[in-house]
Amino acid sequence: PLDGAEVVAYRWTGSDYQWQSSAYSDGSGNYLIHGLPGGTYRVRFAHYNYVDEYYDDVPSLYLASDIAVVMGEITADIDADLSTFGHISGTVTDGSNPLEGIEVSAYRNEGTYWSHVNSGYTDAAGNYDIDHLPSGIYRVEFSNPWDFDYLTEWYDDAPSRDTATDINVTVGTTTAGIDAELSPGGTISGNVSDGVDPLSDIQIELYHWTGSGYD
């Protein structure tokens, strides 16, 4: 049984489903939403450590099953079996040594765009685990947010999200072995003067050739 799951009832208004009432499951997993007017409802189940679900085992309100509620009667057995989130895990190195503090970000395919879902950081052994991932197709970015010692890359050894490899994630499982070997970035250095004396606090800007222009 799952304690503390929020159960939300949405009532059909004639043009849309709107929030009507909610309750929380107890230590036995039981819940009771009372005081509902008669009508047609759909129900959502939510818990921080589990993937949101709508009755009957669907991911969205508009795919949910209708539930008829009659005043003075209990509509029972509106149950749910929630799934734990999916994970992506792996190791990041420089080719020889583990890299600590690398930010690893997971982006999910939403059909017409990629949305950031969650991020994690590598530990001293270079390992990371990104949790709270719903099922879907993902692409993963590896970056160093604290300095520019290593170049940002995408799995699998790609320079951009558009060229990255898709990763399938399923709730309740870990997609492991999403590793990266980061390359050190190049360095430009020099000296600025007025011809005689050195100049301090001069801003230096760097532009990168993209193939069609400098950005």
# chains A, B, ... in the order shown; residues from 1 in each chain; ligands from 1

call {"tool": "residues_around", "arguments": {"residues": "region 201-207 of chain A", "least_positions_apart": "4", "cutoff": "8 Å", "atoms": "only C-alpha atoms", "output": "mmCIF file with all heavy atoms, in the first residue's frame"}}
result
data_model
loop_
_atom_site.group_PDB
_atom_site.id
_atom_site.type_symbol
_atom_site.label_atom_id
_atom_site.label_comp_id
_atom_site.auth_asym_id
_atom_site.auth_seq_id
_atom_site.Cartn_x
_atom_site.Cartn_y
_atom_site.Cartn_z
ATOM 1 N N VAL A 192 47.569 42.221 -23.978
ATOM 2 C CA VAL A 192 46.954 43.450 -24.482
ATOM 3 C C VAL A 192 47.686 44.651 -23.884
ATOM 4 O O VAL A 192 47.893 44.718 -22.665
ATOM 5 C CB VAL A 192 45.453 43.514 -24.130
ATOM 6 C CG1 VAL A 192 44.828 44.793 -24.685
ATOM 7 C CG2 VAL A 192 44.725 42.286 -24.663
ATOM 8 N N TYR A 214 29.853 33.367 -37.784
ATOM 9 C CA TYR A 214 30.481 33.358 -36.471
ATOM 10 C C TYR A 214 29.441 33.655 -35.408
ATOM 11 O O TYR A 214 28.661 34.617 -35.528
ATOM 12 C CB TYR A 214 31.616 34.383 -36.401
ATOM 13 C CG TYR A 214 32.880 33.910 -37.099
ATOM 14 C CD1 TYR A 214 33.129 34.301 -38.413
ATOM 15 C CD2 TYR A 214 33.781 33.077 -36.460
ATOM 16 C CE1 TYR A 214 34.260 33.858 -39.067
ATOM 17 C CE2 TYR A 214 34.912 32.635 -37.097
ATOM 18 C CZ TYR A 214 35.158 33.030 -38.403
ATOM 19 O OH TYR A 214 36.284 32.591 -39.053
ATOM 20 N N ASP A 215 29.427 32.853 -34.382
ATOM 21 C CA ASP A 215 28.436 32.994 -33.311
ATOM 22 C C ASP A 215 29.155 33.130 -31.971
ATOM 23 O O ASP A 215 30.099 32.423 -31.690
ATOM 24 C CB ASP A 215 27.501 31.776 -33.313
ATOM 25 C CG ASP A 215 26.373 31.912 -32.330
ATOM 26 O OD1 ASP A 215 26.126 33.038 -31.849
ATOM 27 O OD2 ASP A 215 25.716 30.901 -32.036
#

call {"tool": "closest_atom_pairs", "arguments": {"of": "region 88-163 of chain A", "to": "region 169-189 of chain A", "cutoff": "9 Å", "atoms": "only C-alpha atoms", "output": "Markdown table"}}
result
| residue | atom | partner | partner_atom | distance |
| --- | --- | --- | --- | --- |
| A:Ile88 | CA | A:Thr175 | CA | 4.8 |
| A:Ser89 | CA | A:Ala176 | CA | 4.7 |
| A:Gly90 | CA | A:Ile178 | CA | 4.6 |
| A:Thr91 | CA | A:Asp179 | CA | 4.8 |
| A:Val92 | CA | A:Ala180 | CA | 4.8 |
| A:Thr93 | CA | A:Glu181 | CA | 4.9 |
| A:Asp94 | CA | A:Leu182 | CA | 5.1 |
| A:Gly95 | CA | A:Glu181 | CA | 5.5 |
| A:Ser96 | CA | A:Glu181 | CA | 8.8 |
| A:Leu99 | CA | A:Leu182 | CA | 8.7 |
| A:Asn127 | CA | A:Asp179 | CA | 8.9 |
| A:Asp129 | CA | A:Ala176 | CA | 8.8 |
| A:Asp131 | CA | A:Thr174 | CA | 8.7 |
| A:His132 | CA | A:Val171 | CA | 8.9 |
| A:Leu133 | CA | A:Val171 | CA | 7.2 |
| A:Pro134 | CA | A:Val171 | CA | 5.8 |
| A:Ser135 | CA | A:Thr170 | CA | 4.4 |
| A:Gly136 | CA | A:Val169 | CA | 5.4 |
| A:Ile137 | CA | A:Val169 | CA | 6.2 |
| A:Tyr138 | CA | A:Val169 | CA | 7.1 |
| A:Val140 | CA | A:Ile178 | CA | 8.4 |
| A:Phe142 | CA | A:Ala180 | CA | 7.5 |
| A:Ser143 | CA | A:Leu182 | CA | 8.8 |
| A:Phe148 | CA | A:Gly185 | CA | 6.9 |
| A:Asp149 | CA | A:Pro184 | CA | 5.6 |
| A:Tyr150 | CA | A:Pro184 | CA | 4.2 |
| A:Leu151 | CA | A:Gly185 | CA | 5.4 |
| A:Thr152 | CA | A:Leu182 | CA | 7.5 |
| A:Glu153 | CA | A:Leu182 | CA | 7.2 |
| A:Trp154 | CA | A:Ala180 | CA | 8.2 |
| A:Tyr155 | CA | A:Ala180 | CA | 6.9 |
| A:Asp156 | CA | A:Ala180 | CA | 7.2 |
| A:Asp157 | CA | A:Ala180 | CA | 7.0 |

call {"tool": "closest_residue", "arguments": {"among": "A:Ala68, A:Val51, A:Ala106, A:Ala5", "to": "Gly27 (chain A)", "atoms": "only C-alpha atoms"}}
result
A:Ala5

call {"tool": "residues_around", "arguments": {"residues": "region 74-76 of chain A", "least_positions_apart": "4", "cutoff": "12 Å", "atoms": "only C-alpha atoms", "output": "mmCIF file with N, CA and C atoms, in the first residue's frame"}}
result
data_model
loop_
_atom_site.group_PDB
_atom_site.id
_atom_site.type_symbol
_atom_site.label_atom_id
_atom_site.label_comp_id
_atom_site.auth_asym_id
_atom_site.auth_seq_id
_atom_site.Cartn_x
_atom_site.Cartn_y
_atom_site.Cartn_z
ATOM 1 N N ASN A 30 -5.696 3.298 1.415
ATOM 2 C CA ASN A 30 -7.102 3.606 1.155
ATOM 3 C C ASN A 30 -7.343 5.111 1.140
ATOM 4 N N TYR A 31 -8.318 5.532 0.349
ATOM 5 C CA TYR A 31 -8.694 6.945 0.305
ATOM 6 C C TYR A 31 -10.207 7.043 0.165
ATOM 7 N N LEU A 32 -10.735 8.217 0.496
ATOM 8 C CA LEU A 32 -12.168 8.481 0.356
ATOM 9 C C LEU A 32 -12.349 9.955 0.018
ATOM 10 N N ILE A 33 -12.893 10.232 -1.147
ATOM 11 C CA ILE A 33 -13.248 11.600 -1.528
ATOM 12 C C ILE A 33 -14.760 11.712 -1.364
ATOM 13 N N HIS A 34 -15.195 12.546 -0.447
ATOM 14 C CA HIS A 34 -16.622 12.622 -0.158
ATOM 15 C C HIS A 34 -17.166 13.996 -0.527
ATOM 16 N N GLY A 35 -18.491 14.134 -0.450
ATOM 17 C CA GLY A 35 -19.138 15.413 -0.730
ATOM 18 C C GLY A 35 -19.185 15.771 -2.203
ATOM 19 N N LEU A 36 -19.155 14.778 -3.063
ATOM 20 C CA LEU A 36 -19.154 15.043 -4.503
ATOM 21 C C LEU A 36 -20.582 15.149 -5.042
ATOM 22 N N PRO A 37 -20.846 16.170 -5.836
ATOM 23 C CA PRO A 37 -22.138 16.208 -6.533
ATOM 24 C C PRO A 37 -22.219 15.063 -7.544
ATOM 25 N N GLY A 38 -23.408 14.652 -7.879
ATOM 26 C CA GLY A 38 -23.554 13.623 -8.896
ATOM 27 C C GLY A 38 -23.016 14.108 -10.224
ATOM 28 N N GLY A 39 -22.497 13.176 -11.026
ATOM 29 C CA GLY A 39 -21.973 13.554 -12.326
ATOM 30 C C GLY A 39 -20.939 12.577 -12.822
ATOM 31 N N THR A 40 -20.242 12.994 -13.865
ATOM 32 C CA THR A 40 -19.197 12.183 -14.485
ATOM 33 C C THR A 40 -17.836 12.728 -14.073
ATOM 34 N N TYR A 41 -16.959 11.846 -13.634
ATOM 35 C CA TYR A 41 -15.667 12.243 -13.088
ATOM 36 C C TYR A 41 -14.525 11.474 -13.759
ATOM 37 N N VAL A 43 -10.267 10.642 -12.490
ATOM 38 C CA VAL A 43 -9.477 10.669 -11.257
ATOM 39 C C VAL A 43 -7.982 10.568 -11.564
ATOM 40 N N ASP A 66 -14.150 7.459 -17.717
ATOM 41 C CA ASP A 66 -15.202 8.167 -16.996
ATOM 42 C C ASP A 66 -15.693 7.334 -15.809
ATOM 43 N N ILE A 67 -16.029 8.040 -14.741
ATOM 44 C CA ILE A 67 -16.545 7.402 -13.526
ATOM 45 C C ILE A 67 -17.858 8.082 -13.174
ATOM 46 N N ALA A 68 -18.914 7.315 -13.092
ATOM 47 C CA ALA A 68 -20.233 7.867 -12.747
ATOM 48 C C ALA A 68 -20.383 7.921 -11.230
ATOM 49 N N VAL A 69 -20.729 9.090 -10.723
ATOM 50 C CA VAL A 69 -20.940 9.279 -9.288
ATOM 51 C C VAL A 69 -22.407 9.641 -9.060
ATOM 52 N N VAL A 70 -23.050 8.906 -8.150
ATOM 53 C CA VAL A 70 -24.440 9.142 -7.784
ATOM 54 C C VAL A 70 -24.471 9.641 -6.346
#

call {"tool": "closest_residue", "arguments": {"among": "A:Asp147, A:Arg161, A:Tyr55, A:Ser193", "to": "Trp114 (chain A)", "atoms": "only C-alpha atoms"}}
result
A:Arg161

call {"tool": "atom_distance", "arguments": {"atom1": "CA of Glu6 (chain A)", "atom2": "CA of Ser105 (chain A)"}}
result
28.2 Å

call {"tool": "select_by_dssp", "arguments": {"residues": "region 151-205 of chain A", "states": "strand (DSSP E or B)", "output": "VMD selection string"}}
result
chain A and resid 153 to 154 158 167 to 169 174 to 175 180 to 181 184 193 198

call {"tool": "residues_around", "arguments": {"residues": "region 57-63 of chain A", "least_positions_apart": "4", "cutoff": "9 Å", "atoms": "only C-alpha atoms", "output": "MDAnalysis selection string"}}
result
chainID A and resid 10 17 42:44 51:53 80:82

call {"tool": "closest_residue", "arguments": {"among": "A:Glu141, A:Asp166, A:Asp77, A:Glu100", "to": "Tyr121 (chain A)", "atoms": "only C-alpha atoms"}}
result
A:Glu100

call {"tool": "atom_distance", "arguments": {"atom1": "CA of Asp79 (chain A)", "atom2": "CA of Thr13 (chain A)"}}
result
23.5 Å
